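What follows is a single structure, written as structure tokens, with notes after it.
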Amino acid sequence: MPLFTRPLHALPLIVALLGVAMLSHLGFGAKAISLSTTLQALISFDPGNFDHIIIQHMRLPRMVTALCVGAALSVAGALLQGVTRNPLADPGLLALMSGAAFGVVVGSSHFGIEADIWIPVLAVAGALAAAILVTTIVLFAPMGRSPTVLLLSGAAVAAFLSALVSGINMLNEESFATFRVWLSGAITSDAIHILPYAAPWMIVSLILALISAPQITALSMGQEAATGLGVNVVALSVRLLACTVVLTASAVAMVGPLGFVGLVVPHATRLLVGSDYRWIIPCSALLGGLFLLIVDLVARTVIAPVEVATGVITTLLGAPLFVMLVRKLL
Amino acid sequence: MNELIYRSRNQRISLKFSRAVPVALCALVLALAGLLFASLSLGSYDLSYAQVLHTLLQPQTETTATTIVFELRLPRFIAACLVGALLGLSGAILQTVTRNRLADPSLVGISQGASLAVVAMIVIWPTALLELRPVFAFVGAIVAASVVQWIATGKTSSASLRFILVGVGVSASISACTSAMLTYGQINQAAAALSWLAGSVHHVSWDECMVLLVGLLLLTPALLWSVRPLTGLQFGPELATGFGLGLRKERILVIALAVALAALAVSFTGPLGFIGLLAPQLVQRLLRSGIGAHLMLTALTAACLVAAADLLGRIGFAPLQLPAGLVVAVIGAPVFIGLIFKGARSKSL
């Protein structure tokens, strides 16, 4: 049973929590800034005030990045779990993230493409290649429908691509210096430069996901049921996989691979609002933003002034959940 | 007759093995010898085979050839072989005990546990003795293996799949801890730990070789002992019990042996993935044999594989050097996928 029998009732709670998290994300950090100054910095920015500069130029970009990336990854995870009907599916575990990282690293180190506008394109191309690889394996393996084969193929492709990325980085020191932090998955204030080029990709696929939501609910009841309800299963799956690839890739283009966000948030969302994808998609977008805001706040404050890489924290939170799910399901 | 049978006079020792086994052993030893010569002669300073042979047989002090062969290339080759053999044996034992062909020390958290312990040691206590590293690695690996085993055992019977997937999850969180350790640490120690983590035999010297060799020799009696319980365990716990073997204790001891082998290898060269998966599979594909012969052949095959991978990484992109671990991973991952296909077809997954 979900926590809220009427999903609409969950919305005020989520929005209120999001507001609190946004304000604390702006206020806390290496230097704590009072609530009134924070609000002032947002409403009437004073370029001479140091606190205002911190808020506007350092924390606001991080906040926006965390919100977008969290929303994109969580929706990607929710879609992937819906399409594969596998509660363990996650964009990171199924090699989409390594694919995107591979695309960006190869593109910039071998073809010299470094303009911000092309980075999301490279990421999408890489993630798409990885997705096609995993899908091919799963379709042609005789027991491909079993959840384990899917996960193991994903793990193998991910290991393969990560090895290639480390190989490229060892052969090319410049590329290693550029991508070292990015590859461990870190929300930084710089990521905002990519946002204008990644945002269109994200928005289009989010809208597409929202439109398809009722059909995903049908699909999650089983292929036969979905076909009976008038859903073209193959077309829908292809469309949703494309959305997943694009959402994951645009998130990776900004902050690098953040593991397990796409696993944790959709499961939390289902606990809150049940299994109707018309609610799961928007709510996991909001909750994903909330989750990454909190993670980023922890990463910045727990051993300030040193920052822990965001990817480390999301993995530490997400991997135990994965193990728990394996124990429960298999 | 495809089998050779050997009986000692009082019938206390009897061995039965396939005729192909001695042939395969000889072939592998020859391959290893070929790799030895190739490794010693090829590189940024090319030596002819005659020079190598001459240096090996009559080492003269103070010549360039002697320095290159004895100080740089020979220890590296020996370390690669030893590490390969250790990881291959560990993988073969794990696969037999768990009856799962996908078991590999780097997939089920053992290598990651050992890595975390060694990285913690490099970062927190950089002055510690070299000989202590395997101990730390063993403690880390055994803790990780116990956690995975403890979580994976449960009421349902498909335990071997759970074992692998739980391993994937536990490895992910241990790796995250390792990355966190790298961010905490001082930059030069973190850099040392990072190069170690790539899994390479770049910096080994005779000291490391000696520790590896002594470790392997110390574990050899345990390996010889393990053949008997493994023979029973390969049929699964039910049948083994039916044979009259109470194997609970043996099972734990054999897994501990596999952990120790992997930890010893990882403690010096970092986590080399997939080798424990690849070598036993290759051997099994080539010929069927009893456990004892299987272990021996696996050790030799794995030694050849790592030595070849190291050679390839060293000369393939000269003057840059790719770690052997990377070369093995690039070859190993597709093989892993092939195994998934095959396993799925025979429904043994």
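To be explicit about the labels: the chains of the structure tokens are called A, B, and onward in the order shown, and within each one the residues are counted from 1, while ligands get numbers from 1 in the order they are shown.
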
Practice prompt. Skip range 164-176 of chain A itself and residues of its chain fewer than 5 positions away, then list as a list in words all residues within 9 Å of it, counting only C-alpha atoms.
Written response: Ser98, Ala101, Phe102, Val105, Val106, Ser108, Ser109 and Ala159 of chain A; Ala198, Phe317, Leu320, Gln321, Leu322, Pro323, Leu326, Val327, Ala329 and Val330 of chain B

Kindly save the residues from that selection, with N, CA, C and O atoms included, as a JSON list (two decimals), in the first residue's frame.
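result.json, written as the output of this step:
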[["chain", "number", "residue", "atom", "x", "y", "z"],
["A", 98, "SER", "N", 28.05, 4.46, -18.37],
["A", 98, "SER", "CA", 29.40, 4.24, -18.90],
["A", 98, "SER", "C", 29.43, 4.56, -20.38],
["A", 98, "SER", "O", 30.43, 5.07, -20.87],
["A", 101, "ALA", "N", 29.63, 8.33, -20.75],
["A", 101, "ALA", "CA", 30.97, 8.79, -20.40],
["A", 101, "ALA", "C", 31.96, 8.43, -21.49],
["A", 101, "ALA", "O", 32.81, 9.24, -21.88],
["A", 102, "PHE", "N", 31.82, 7.22, -22.03],
["A", 102, "PHE", "CA", 32.69, 6.76, -23.11],
["A", 102, "PHE", "C", 32.57, 7.69, -24.32],
["A", 102, "PHE", "O", 33.57, 8.13, -24.89],
["A", 105, "VAL", "N", 34.30, 11.06, -23.57],
["A", 105, "VAL", "CA", 35.77, 10.97, -23.50],
["A", 105, "VAL", "C", 36.37, 10.72, -24.88],
["A", 105, "VAL", "O", 37.33, 11.38, -25.27],
["A", 106, "VAL", "N", 35.77, 9.77, -25.63],
["A", 106, "VAL", "CA", 36.30, 9.50, -26.98],
["A", 106, "VAL", "C", 36.19, 10.73, -27.86],
["A", 106, "VAL", "O", 37.14, 11.12, -28.53],
["A", 108, "SER", "N", 36.05, 13.90, -27.14],
["A", 108, "SER", "CA", 36.92, 15.03, -26.87],
["A", 108, "SER", "C", 38.39, 14.66, -27.00],
["A", 108, "SER", "O", 39.19, 15.50, -27.41],
["A", 109, "SER", "N", 38.77, 13.41, -26.70],
["A", 109, "SER", "CA", 40.20, 13.13, -26.75],
["A", 109, "SER", "C", 40.64, 12.69, -28.15],
["A", 109, "SER", "O", 41.77, 12.94, -28.53],
["A", 159, "ALA", "N", 31.54, -2.81, -17.50],
["A", 159, "ALA", "CA", 32.94, -3.06, -17.16],
["A", 159, "ALA", "C", 33.83, -2.86, -18.38],
["A", 159, "ALA", "O", 34.90, -2.26, -18.31],
["B", 198, "ALA", "N", 44.73, 0.55, -10.79],
["B", 198, "ALA", "CA", 44.51, 0.20, -12.19],
["B", 198, "ALA", "C", 44.88, -1.25, -12.46],
["B", 198, "ALA", "O", 44.53, -1.79, -13.50],
["B", 317, "PHE", "N", 51.43, 0.13, -27.10],
["B", 317, "PHE", "CA", 51.30, 1.57, -27.26],
["B", 317, "PHE", "C", 52.57, 2.27, -26.80],
["B", 317, "PHE", "O", 52.51, 3.36, -26.26],
["B", 320, "LEU", "N", 54.05, 4.55, -24.10],
["B", 320, "LEU", "CA", 53.11, 4.51, -22.98],
["B", 320, "LEU", "C", 52.87, 3.06, -22.59],
["B", 320, "LEU", "O", 52.95, 2.17, -23.43],
["B", 321, "GLN", "N", 52.54, 2.85, -21.33],
["B", 321, "GLN", "CA", 52.30, 1.49, -20.87],
["B", 321, "GLN", "C", 50.88, 1.37, -20.35],
["B", 321, "GLN", "O", 50.45, 2.14, -19.52],
["B", 322, "LEU", "N", 50.16, 0.39, -20.89],
["B", 322, "LEU", "CA", 48.83, 0.11, -20.36],
["B", 322, "LEU", "C", 48.94, -0.97, -19.31],
["B", 322, "LEU", "O", 49.66, -1.94, -19.49],
["B", 323, "PRO", "N", 48.23, -0.81, -18.18],
["B", 323, "PRO", "CA", 48.29, -1.85, -17.17],
["B", 323, "PRO", "C", 47.68, -3.16, -17.68],
["B", 323, "PRO", "O", 46.73, -3.15, -18.47],
["B", 326, "LEU", "N", 43.88, -3.72, -17.45],
["B", 326, "LEU", "CA", 43.04, -3.11, -18.47],
["B", 326, "LEU", "C", 42.92, -4.01, -19.68],
["B", 326, "LEU", "O", 41.83, -4.23, -20.21],
["B", 327, "VAL", "N", 44.06, -4.54, -20.12],
["B", 327, "VAL", "CA", 44.07, -5.41, -21.30],
["B", 327, "VAL", "C", 43.18, -6.63, -21.03],
["B", 327, "VAL", "O", 42.37, -7.02, -21.88],
["B", 329, "ALA", "N", 40.70, -6.85, -18.94],
["B", 329, "ALA", "CA", 39.28, -6.48, -18.87],
["B", 329, "ALA", "C", 38.69, -6.31, -20.26],
["B", 329, "ALA", "O", 37.55, -6.72, -20.51],
["B", 330, "VAL", "N", 39.46, -5.70, -21.17],
["B", 330, "VAL", "CA", 38.93, -5.48, -22.52],
["B", 330, "VAL", "C", 38.69, -6.80, -23.23],
["B", 330, "VAL", "O", 37.73, -6.97, -23.97]]

Practice prompt. With a distance cut-off of 7 Å and only C-alpha atoms, select the neighbouring residues of range 82-88 of chain B, excluding the residue or stretch itself and same-chain residues fewer than 4 positions from it, and output the selection as a ChimeraX atom specification.
Written response: /B:78,92,212,261-262,265,275-276,279-280,298-300,302-303,306

Discussion item. Taking 3 positions as the minimum chain separation for residues in the same chain, which residues sit within 7 Å of Pro147 in chain A when counting only C-alpha atoms? Answer as a ChimeraX atom specification.
Written reply: /A:86,150-151

Practice prompt. Can you check which residues of chain B have any atom within 6 Å of chain A? Use only C-alpha atoms and format it as a list in words.
Written response: Val166, Gly169, Ser173, Ala176, Leu326, Val330, Ala333, Phe341, Ala344 and Arg345 of chain B

Discussion item. What parts of range 95-303 of chain B does DSSP call alpha helix (DSSP H)? I'd like the answer as a PyMOL selection string.
Written reply: chain B and resi 95-98+110-124+132-152+159-184+187-197+206-233+237-242+248-269+275-286+291-303

Practice prompt. For Leu311 in chain B, please output as JSON, numbers by chain all residues within 9 Å (counting only C-alpha atoms; exclusion window: fewer than 3 positions along the same chain).
Written response: {"B": [35, 38, 39, 42, 43, 77, 306, 307, 308, 314, 315, 316, 324]}

Practice prompt. List the neighbours of Val168 in chain B out to 8 Å using only C-alpha atoms; skip same-chain residues closer than 5 positions along the sequence, and give me the result as a ChimeraX atom specification.
Written response: /B:107-109

Response to the item:
Students should find that CA of Gly289 in chain A and CA of Thr38 in chain A are spaced 20.0 Å

Discussion item. Residues within 9 Å of range 39-49 of chain A, please, as a PyMOL selection string. Count only C-alpha atoms; anything in the same chain fewer than 6 positions from it doesn't count.
Written reply: chain A and resi 23+55-56

Practice prompt. Compile the contact shell of Val204 in chain A as a ChimeraX atom specification: residues with an atom at most 12 Å away, counting only C-alpha atoms, same-chain residues fewer than 2 positions apart removed.
Written response: /A:72,198-202,206-211,242-244,246-247,250

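Note that the spacing between CA of Ala141 in chain B and CA of Cys81 in chain B amounts to 21.5 Å.
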
Worksheet entry | For CA of Gly230 in chain A and CA of Tyr277 in chain A, the interatomic separation in Å (one decimal) | 17.0 Å

Response to the item:
Using only C-alpha atoms, the best pick from B:Ile93, B:Ala180, B:Leu57, B:Ala80 as closest to Gly185 in chain A would be B:Ala180
